[in-house]
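> Contents of input02.pdb (PDB, C-alpha atoms) are below:
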```pdb
ATOM      1  CA  MET A 359      32.818  13.214 -32.103
ATOM      2  CA  ALA A 360      35.433  10.848 -30.693
ATOM      3  CA  ILE A 361      34.229   7.577 -29.223
ATOM      4  CA  THR A 362      35.716   8.533 -25.869
ATOM      5  CA  ASP A 363      33.797  11.823 -25.788
ATOM      6  CA  PHE A 364      30.546  10.080 -26.728
ATOM      7  CA  LYS A 365      31.074   7.481 -24.025
ATOM      8  CA  ASN A 366      31.763  10.175 -21.429
ATOM      9  CA  GLN A 367      28.582  11.996 -22.392
ATOM     10  CA  MET A 368      26.572   8.786 -22.105
ATOM     11  CA  CYS A 369      28.158   7.975 -18.751
ATOM     12  CA  ASN A 370      27.415  11.474 -17.479
ATOM     13  CA  LYS A 371      23.791  11.028 -18.501
ATOM     14  CA  TYR A 372      23.592   7.596 -16.839
ATOM     15  CA  THR A 373      25.123   9.070 -13.693
ATOM     16  CA  THR A 374      22.655  11.967 -13.598
ATOM     17  CA  ASN A 375      19.647   9.700 -14.122
ATOM     18  CA  THR A 376      20.899   7.190 -11.569
ATOM     19  CA  LEU A 377      21.466   9.878  -8.955
ATOM     20  CA  ARG A 378      17.962  11.219  -9.595
ATOM     21  CA  ALA A 379      16.421   7.769  -9.048
ATOM     22  CA  SER A 380      18.575   7.112  -5.991
ATOM     23  CA  ARG A 381      17.444  10.434  -4.485
ATOM     24  CA  GLN A 382      13.848   9.290  -4.956
ATOM     25  CA  LEU A 383      14.703   6.123  -3.082
ATOM     26  CA  ASN A 384      16.417   8.084  -0.337
ATOM     27  CA  ASN A 385      13.349  10.316   0.077
ATOM     28  CA  LEU A 386      11.222   7.194   0.476
ATOM     29  CA  HIS A 387      13.729   5.945   3.019
ATOM     30  CA  LYS A 388      13.106   9.077   5.097
ATOM     31  CA  LEU A 389       9.343   8.542   4.750
ATOM     32  CA  THR A 390       9.406   4.940   5.965
ATOM     33  CA  ARG A 391      12.196   5.182   8.544
ATOM     34  CA  GLY A 392       9.931   6.377  11.375
ATOM     35  CA  PRO A 393       7.258   3.646  11.033
ATOM     36  CA  TYR A 394       9.960   1.012  10.448
ATOM     37  CA  ASN A 395      11.889   1.933  13.602
ATOM     38  CA  ALA A 396       8.652   2.112  15.602
ATOM     39  CA  LEU A 397       7.801  -1.409  14.456
ATOM     40  CA  ARG A 398      11.224  -2.668  15.528
ATOM     41  CA  ASN A 399      10.642  -1.249  19.008
ATOM     42  CA  THR A 400       7.207  -2.883  19.365
ATOM     43  CA  LEU A 401       8.654  -6.199  18.167
ATOM     44  CA  PHE A 402      11.407  -6.025  20.781
ATOM     45  CA  ASP A 403       8.766  -5.411  23.468
ATOM     46  CA  LEU A 404       6.621  -8.264  22.142
ATOM     47  CA  LYS A 405       9.367 -10.872  22.550
ATOM     48  CA  SER A 406       8.939 -11.040  26.326
ATOM     49  CA  LYS A 407       5.120 -11.175  26.309
ATOM     50  CA  PRO A 408       2.948 -14.318  26.322
ATOM     51  CA  THR A 409       2.320 -15.974  22.974
ATOM     52  CA  THR A 410      -1.319 -16.215  21.903
ATOM     53  CA  SER A 411      -2.601 -19.713  21.184
ATOM     54  CA  ALA A 412      -2.602 -20.291  17.424
ATOM     55  CA  PHE A 413      -6.053 -21.899  17.707
ATOM     56  CA  ILE A 414      -7.580 -18.935  19.560
ATOM     57  CA  LEU A 415      -5.966 -16.480  17.148
ATOM     58  CA  GLN A 416      -7.302 -18.352  14.114
ATOM     59  CA  GLN A 417     -10.813 -18.274  15.573
ATOM     60  CA  LYS A 418     -10.617 -14.506  15.913
ATOM     61  CA  LEU A 419      -9.206 -14.105  12.398
ATOM     62  CA  ASN A 420     -12.032 -16.235  10.974
ATOM     63  CA  VAL A 421     -14.588 -14.023  12.729
ATOM     64  CA  LEU A 422     -12.943 -10.906  11.284
ATOM     65  CA  SER A 423     -12.984 -12.322   7.762
ATOM     66  CA  GLY A 424     -16.655 -13.346   8.105
ATOM     67  CA  GLU A 425     -17.688  -9.969   9.466
ATOM     68  CA  MET A 426     -16.115  -8.135   6.550
ATOM     69  CA  GLN A 427     -17.778 -10.403   3.990
ATOM     70  CA  SER A 428     -21.161  -9.569   5.482
ATOM     71  CA  GLN A 429     -20.515  -5.868   6.138
ATOM     72  CA  VAL A 430     -19.207  -4.711   2.753
ATOM     73  CA  PRO A 431     -22.571  -4.984   0.925
ATOM     74  CA  ASP A 432     -24.197  -3.028   3.771
ATOM     75  CA  LEU A 433     -21.561  -0.298   3.587
ATOM     76  CA  LEU A 434     -22.655   0.606   0.070
ATOM     77  CA  SER A 435     -26.384  -0.049   0.365
ATOM     78  CA  ASN A 436     -27.276   3.411   1.732
ATOM     79  CA  LYS A 437     -27.918   5.641  -1.261
ATOM     80  CA  SER A 438     -27.732   8.811   0.846
ATOM     81  CA  ASP A 439     -24.210   7.908   1.945
ATOM     82  CA  LEU A 440     -23.240   7.149  -1.635
ATOM     83  CA  ALA A 441     -24.724  10.438  -2.760
ATOM     84  CA  ARG A 442     -22.696  12.404  -0.223
ATOM     85  CA  MET A 443     -19.588  10.467  -1.165
ATOM     86  CA  ALA A 444     -20.064  11.211  -4.853
ATOM     87  CA  GLU A 445     -20.899  14.863  -4.235
ATOM     88  CA  ALA A 446     -17.476  15.255  -2.626
ATOM     89  CA  CYS A 447     -15.715  13.949  -5.736
ATOM     90  CA  THR A 448     -14.972  16.579  -8.389
ATOM     91  CA  PRO A 449     -14.505  14.009 -11.208
ATOM     92  CA  PHE A 450     -18.007  12.726 -10.489
ATOM     93  CA  LYS A 451     -19.542  16.184 -10.689
ATOM     94  CA  ASN A 452     -17.616  16.787 -13.901
ATOM     95  CA  LEU A 453     -19.197  13.664 -15.349
ATOM     96  CA  ILE A 454     -22.690  14.855 -14.440
ATOM     97  CA  ASP A 455     -21.934  18.125 -16.248
ATOM     98  CA  GLY A 456     -20.714  16.228 -19.299
ATOM     99  CA  LYS A 457     -17.089  17.287 -18.795
ATOM    100  CA  GLY A 458     -15.396  14.169 -17.435
ATOM    101  CA  SER A 459     -14.919  10.466 -18.035
ATOM    102  CA  LEU A 460     -16.795   7.634 -16.357
ATOM    103  CA  THR A 461     -13.464   6.023 -15.440
ATOM    104  CA  ASP A 462     -12.293   9.089 -13.501
ATOM    105  CA  ALA A 463     -15.648   9.466 -11.785
ATOM    106  CA  ILE A 464     -15.832   5.843 -10.685
ATOM    107  CA  GLY A 465     -12.191   5.988  -9.593
ATOM    108  CA  SER A 466     -12.848   8.976  -7.340
ATOM    109  CA  VAL A 467     -15.702   7.192  -5.557
ATOM    110  CA  VAL A 468     -13.703   3.950  -5.315
ATOM    111  CA  ASP A 469     -10.849   5.851  -3.651
ATOM    112  CA  ALA A 470     -13.283   7.158  -1.058
ATOM    113  CA  THR A 471     -14.768   3.704  -0.409
ATOM    114  CA  ASN A 472     -11.294   2.164  -0.155
ATOM    115  CA  ASN A 473     -10.390   4.547   2.670
ATOM    116  CA  LEU A 474     -13.713   3.840   4.368
ATOM    117  CA  ILE A 475     -13.252   0.071   4.137
ATOM    118  CA  GLN A 476      -9.684   0.201   5.428
ATOM    119  CA  ASN A 477     -10.935   2.026   8.523
ATOM    120  CA  VAL A 478     -13.823  -0.421   8.969
ATOM    121  CA  VAL A 479     -11.476  -3.432   8.808
ATOM    122  CA  LEU A 480      -9.071  -1.895  11.328
ATOM    123  CA  ASP A 481     -11.901  -0.888  13.684
ATOM    124  CA  ALA A 482     -13.275  -4.440  13.631
ATOM    125  CA  ALA A 483      -9.807  -5.934  14.116
ATOM    126  CA  ASN A 484      -9.053  -3.564  17.006
ATOM    127  CA  THR A 485     -12.207  -4.713  18.772
ATOM    128  CA  LEU A 486     -11.820  -8.434  18.103
ATOM    129  CA  MET A 487      -8.146  -8.643  18.982
ATOM    130  CA  SER A 488      -7.791  -6.130  21.774
ATOM    131  CA  ASN A 489      -6.427  -8.881  24.044
ATOM    132  CA  VAL A 490      -4.083 -10.458  21.462
ATOM    133  CA  GLU A 491      -0.503  -9.525  22.350
ATOM    134  CA  GLU A 492       0.729  -9.822  18.768
ATOM    135  CA  TYR A 493      -2.035  -7.733  17.220
ATOM    136  CA  ALA A 494      -0.477  -4.256  17.410
ATOM    137  CA  SER A 495       2.756  -5.441  15.787
ATOM    138  CA  GLY A 496       0.914  -7.505  13.171
ATOM    139  CA  ALA A 497      -1.260  -4.521  12.248
ATOM    140  CA  ALA A 498       1.834  -2.306  12.038
ATOM    141  CA  MET A 499       3.456  -4.825   9.698
ATOM    142  CA  SER A 500       0.357  -4.803   7.510
ATOM    143  CA  ALA A 501       0.393  -0.984   7.448
ATOM    144  CA  LEU A 502       4.060  -0.915   6.415
ATOM    145  CA  ASP A 503       3.369  -3.476   3.726
ATOM    146  CA  ALA A 504       0.595  -1.241   2.379
ATOM    147  CA  MET A 505       2.847   1.830   2.578
ATOM    148  CA  PHE A 506       5.576   0.101   0.583
ATOM    149  CA  GLY A 507       2.988  -0.833  -2.027
ATOM    150  CA  ASN A 508       1.586   2.690  -2.248
ATOM    151  CA  ILE A 509       4.952   4.386  -2.741
ATOM    152  CA  LYS A 510       5.760   2.009  -5.621
ATOM    153  CA  ILE A 511       9.321   1.094  -4.697
ATOM    154  CA  PRO A 512       9.356  -1.631  -7.403
ATOM    155  CA  ASP A 513       8.917   1.069 -10.062
ATOM    156  CA  ILE A 514      11.921   3.013  -8.761
ATOM    157  CA  LEU A 515      14.010  -0.147  -8.517
ATOM    158  CA  GLY A 516      12.948  -1.055 -12.033
ATOM    159  CA  ASN A 517      14.362   2.253 -13.235
ATOM    160  CA  LEU A 518      17.496   1.984 -11.120
ATOM    161  CA  ASP A 519      18.597  -1.555 -11.955
ATOM    162  CA  PRO A 520      19.368  -1.035 -15.673
ATOM    163  CA  LEU A 521      21.050   2.300 -14.914
ATOM    164  CA  LEU A 522      23.254   0.685 -12.261
ATOM    165  CA  ASN A 523      24.128  -2.134 -14.644
ATOM    166  CA  CYS A 524      25.122   0.333 -17.359
ATOM    167  CA  LEU A 525      27.229   2.349 -14.935
ATOM    168  CA  ASP A 526      28.889  -0.755 -13.566
ATOM    169  CA  ASN A 527      29.743  -2.202 -16.992
ATOM    170  CA  MET A 528      30.458   0.922 -19.042
ATOM    171  CA  CYS A 529      31.450   3.738 -16.747
ATOM    172  CA  PRO A 530      34.178   2.947 -14.216
ATOM    173  CA  GLY A 531      35.187   6.059 -12.351
ATOM    174  CA  HIS A 532      31.795   7.789 -12.689
ATOM    175  CA  ARG A 533      31.008   7.443  -8.968
ATOM    176  CA  THR A 534      29.768   3.965  -9.884
ATOM    177  CA  SER A 535      30.768   2.085  -6.752
ATOM    178  CA  GLN A 536      29.667   4.973  -4.517
ATOM    179  CA  ILE A 537      26.188   5.064  -6.067
ATOM    180  CA  ILE A 538      25.778   1.289  -5.973
ATOM    181  CA  ASP A 539      26.872   1.174  -2.316
ATOM    182  CA  GLN A 540      24.426   3.978  -1.491
ATOM    183  CA  VAL A 541      21.494   2.176  -3.126
ATOM    184  CA  ASN A 542      22.400  -1.117  -1.429
ATOM    185  CA  GLN A 543      22.635   0.618   1.947
ATOM    186  CA  ILE A 544      19.241   2.297   1.503
ATOM    187  CA  GLN A 545      17.705  -1.031   0.526
ATOM    188  CA  SER A 546      19.189  -2.675   3.609
ATOM    189  CA  ASP A 547      18.074   0.134   5.941
ATOM    190  CA  MET A 548      14.542   0.310   4.531
ATOM    191  CA  GLY A 549      13.993  -3.409   4.913
ATOM    192  CA  PHE A 550      12.527  -4.334   1.552
ATOM    193  CA  THR A 551      13.091  -7.322  -0.692
ATOM    194  CA  ASP A 552      14.769  -7.280  -4.110
ATOM    195  CA  GLU A 553      11.251  -6.870  -5.555
ATOM    196  CA  GLY A 554      10.648  -3.752  -3.442
ATOM    197  CA  LYS A 555       8.189  -5.323  -1.014
ATOM    198  CA  PHE A 556       8.282  -4.954   2.759
ATOM    199  CA  ASP A 557      10.513  -7.705   4.184
ATOM    200  CA  ALA A 558       8.618  -8.860   7.266
ATOM    201  CA  ALA A 559      10.797 -11.945   7.707
ATOM    202  CA  LYS A 560      13.957  -9.825   7.819
ATOM    203  CA  ILE A 561      12.815  -7.479  10.572
ATOM    204  CA  MET A 562      11.495 -10.370  12.703
ATOM    205  CA  GLN A 563      14.776 -12.228  12.337
ATOM    206  CA  GLU A 564      16.731  -9.082  13.221
ATOM    207  CA  VAL A 565      14.950  -8.746  16.563
ATOM    208  CA  GLY A 566      15.194 -12.497  17.264
ATOM    209  CA  MET A 567      11.433 -13.097  17.297
ATOM    210  CA  PRO A 568      10.491 -16.669  18.362
ATOM    211  CA  SER A 569       9.020 -18.796  15.573
ATOM    212  CA  ASP A 570       5.581 -19.179  17.197
ATOM    213  CA  LYS A 571       5.196 -15.415  17.498
ATOM    214  CA  GLN A 572       6.442 -14.996  13.918
ATOM    215  CA  ALA A 573       3.668 -17.318  12.754
ATOM    216  CA  ASN A 574       1.045 -15.302  14.664
ATOM    217  CA  LEU A 575       2.369 -12.004  13.315
ATOM    218  CA  ASN A 576       2.304 -13.319   9.747
ATOM    219  CA  SER A 577      -1.262 -14.564  10.205
ATOM    220  CA  ILE A 578      -2.458 -11.210  11.568
ATOM    221  CA  GLY A 579      -0.705  -9.192   8.868
ATOM    222  CA  SER A 580      -1.970 -11.479   6.107
ATOM    223  CA  ILE A 581      -5.600 -11.496   7.231
ATOM    224  CA  ILE A 582      -5.745  -7.702   7.561
ATOM    225  CA  THR A 583      -4.121  -7.207   4.152
ATOM    226  CA  ASP A 584      -6.182  -9.910   2.400
ATOM    227  CA  THR A 585      -9.490  -8.991   4.038
ATOM    228  CA  THR A 586      -9.026  -5.322   3.172
ATOM    229  CA  ALA A 587      -8.070  -6.131  -0.432
ATOM    230  CA  LYS A 588     -11.077  -8.440  -0.938
ATOM    231  CA  ALA A 589     -13.466  -5.955   0.627
ATOM    232  CA  GLN A 590     -12.093  -3.128  -1.499
ATOM    233  CA  GLU A 591     -12.378  -5.235  -4.654
ATOM    234  CA  SER A 592     -15.979  -6.087  -3.813
ATOM    235  CA  ALA A 593     -16.785  -2.429  -3.167
ATOM    236  CA  SER A 594     -15.070  -1.362  -6.385
ATOM    237  CA  ASN A 595     -17.177  -3.805  -8.386
ATOM    238  CA  GLN A 596     -20.359  -2.554  -6.719
ATOM    239  CA  VAL A 597     -19.536   1.085  -7.361
ATOM    240  CA  SER A 598     -18.701   0.373 -11.005
ATOM    241  CA  SER A 599     -21.961  -1.495 -11.448
ATOM    242  CA  LEU A 600     -24.082   1.119  -9.672
ATOM    243  CA  PHE A 601     -22.719   4.065 -11.637
ATOM    244  CA  SER A 602     -22.069   2.494 -15.036
ATOM    245  CA  SER A 603     -25.052   4.280 -16.605
ATOM    246  CA  ILE A 604     -24.777   7.551 -14.693
ATOM    247  CA  LYS A 605     -24.595   9.698 -17.830
ATOM    248  CA  LYS A 606     -28.201   8.814 -18.589
ATOM    249  CA  ALA A 607     -29.408  10.728 -15.540
ATOM    250  CA  LYS A 608     -30.957  14.117 -16.259
ATOM    251  CA  LYS A 609     -31.975  15.465 -12.854
ATOM    252  CA  SER A 610     -30.465  18.642 -11.508
ATOM    253  CA  SER A 611     -28.618  17.575  -8.356
ATOM    254  CA  VAL A 612     -25.873  14.996  -8.044
ATOM    255  CA  ALA A 613     -27.634  13.341  -5.114
ATOM    256  CA  ASN A 614     -30.884  12.965  -7.046
ATOM    257  CA  LYS A 615     -29.080  11.577 -10.053
ATOM    258  CA  ILE A 616     -27.392   8.984  -7.889
ATOM    259  CA  SER A 617     -30.662   8.099  -6.161
ATOM    260  CA  SER A 618     -32.266   7.413  -9.528
ATOM    261  CA  PHE A 619     -30.142   4.307  -9.892
ATOM    262  CA  PHE A 620     -31.605   2.530  -6.829
TER     263      PHE A 620
END
```
Could you write out this file's structure as structure tokens?


Amino acid sequence: MAITDFKNQMCNKYTTNTLRASRQLNNLHKLTRGPYNALRNTLFDLKSKPTTSAFILQQKLNVLSGEMQSQVPDLLSNKSDLARMAEACTPFKNLIDGKGSLTDAIGSVVDATNNLIQNVVLDAANTLMSNVEEYASGAAMSALDAMFGNIKIPDILGNLDPLLNCLDNMCPGHRTSQIIDQVNQIQSDMGFTDEGKFDAAKIMQEVGMPSDKQANLNSIGSIITDTTAKAQESASNQVSSLFSSIKKAKKSSVANKISSFF
């Protein structure tokens, strides 16, 4: 095979793989476009509203953090609730029947508790900060940040970057500039950093948000994200500890087998 033919085949393969990854990114763009545009609109509205005192806001955020630290142990202390949660998880029932792994079973219950805790944090925050003008936008920023993390944009970018570099250096004429421009435009429109994380600073700068409101928004977004993550980690550790010896249970029902560990 001639070198030129081999190079063309390689470039065709790079192009195909790059287009596939860029389509993934474009699909994610469609997924995030609605929430992103909605956030922009709420930020524009927020600009003209009174700014909450940083001191008052910090007091409320401290209360939220303290409430979650005290509530998480209580959330998982009711064995009946845990039993119902586990009964709903197929991997857990598979484990009881000797068909599944402990890792899958624990993971299924942790997923359920993570969703529960996220709702508990947001419910508490909604109550505590109902009169904080910046809260709705800060919570929306936290939700977008979580969405960007869940859809794993960094993984897609990690696949795209070497492909784009190969196309750019080896394959002129293989739609290289068009593909690179498309990826750059998607990245700009989606509002994420080079690392694939939600770019809160960018969207606030775009709408011309005053610096004092930016500080409040960052504080609200950070406390919701951090409090949720810490609570979920605590719950995950408790679930792992509670069910680490589940295979030793011999009773007939899942609920009874769970209850035997309390």

> Check the smallest atom-to-atom distance from each of A:Gln367, A:Thr376, A:Asn484, A:Thr585 to A:Cys524 using all atoms listed in the file, then report the winner.

A:Thr376

> Give as a list in words the residues that the PyMOL selection byres ((chain A and resi 372) around 9) matches when applied to the coordinates above.

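Matching residues under the PyMOL selection byres ((chain A and resi 372) around 9) are Gln367, Met368, Cys369, Asn370, Lys371, Thr373, Thr374, Asn375, Thr376, Leu377, Leu521, Leu522, Cys524, Leu525 and Cys529 of chain A.
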
> Go through A:Ala498, A:Ile414, A:Val479, A:Ile578 and flag the residue nearest A:Tyr394, using all atoms listed in the file for the distances.

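The closest residue to A:Tyr394 is A:Ala498.
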
> For the structure shown, which residues end up in the PyMOL selection byres ((chain A and resi 511-520) around 8)? Put them as JSON, numbers by chain, please?

{"A": [376, 379, 380, 382, 383, 506, 507, 509, 510, 521, 522, 523, 524, 553, 554, 555]}

> Could you tell me which residues the PyMOL selection byres ((chain A and resi 410) around 8) grabs in this file, written as a VMD selection string?

chain A and resid 408 to 409 411 to 412 414 to 415 490 to 492 571 574

> Which residues are near A:Phe556? Cut-off 8 Å, all atoms listed in the file, ignore same chain within fewer than 4 positions. Put them as a list in words.

Leu502, Asp503, Phe506, Gly549, Phe550 and Thr551 of chain A
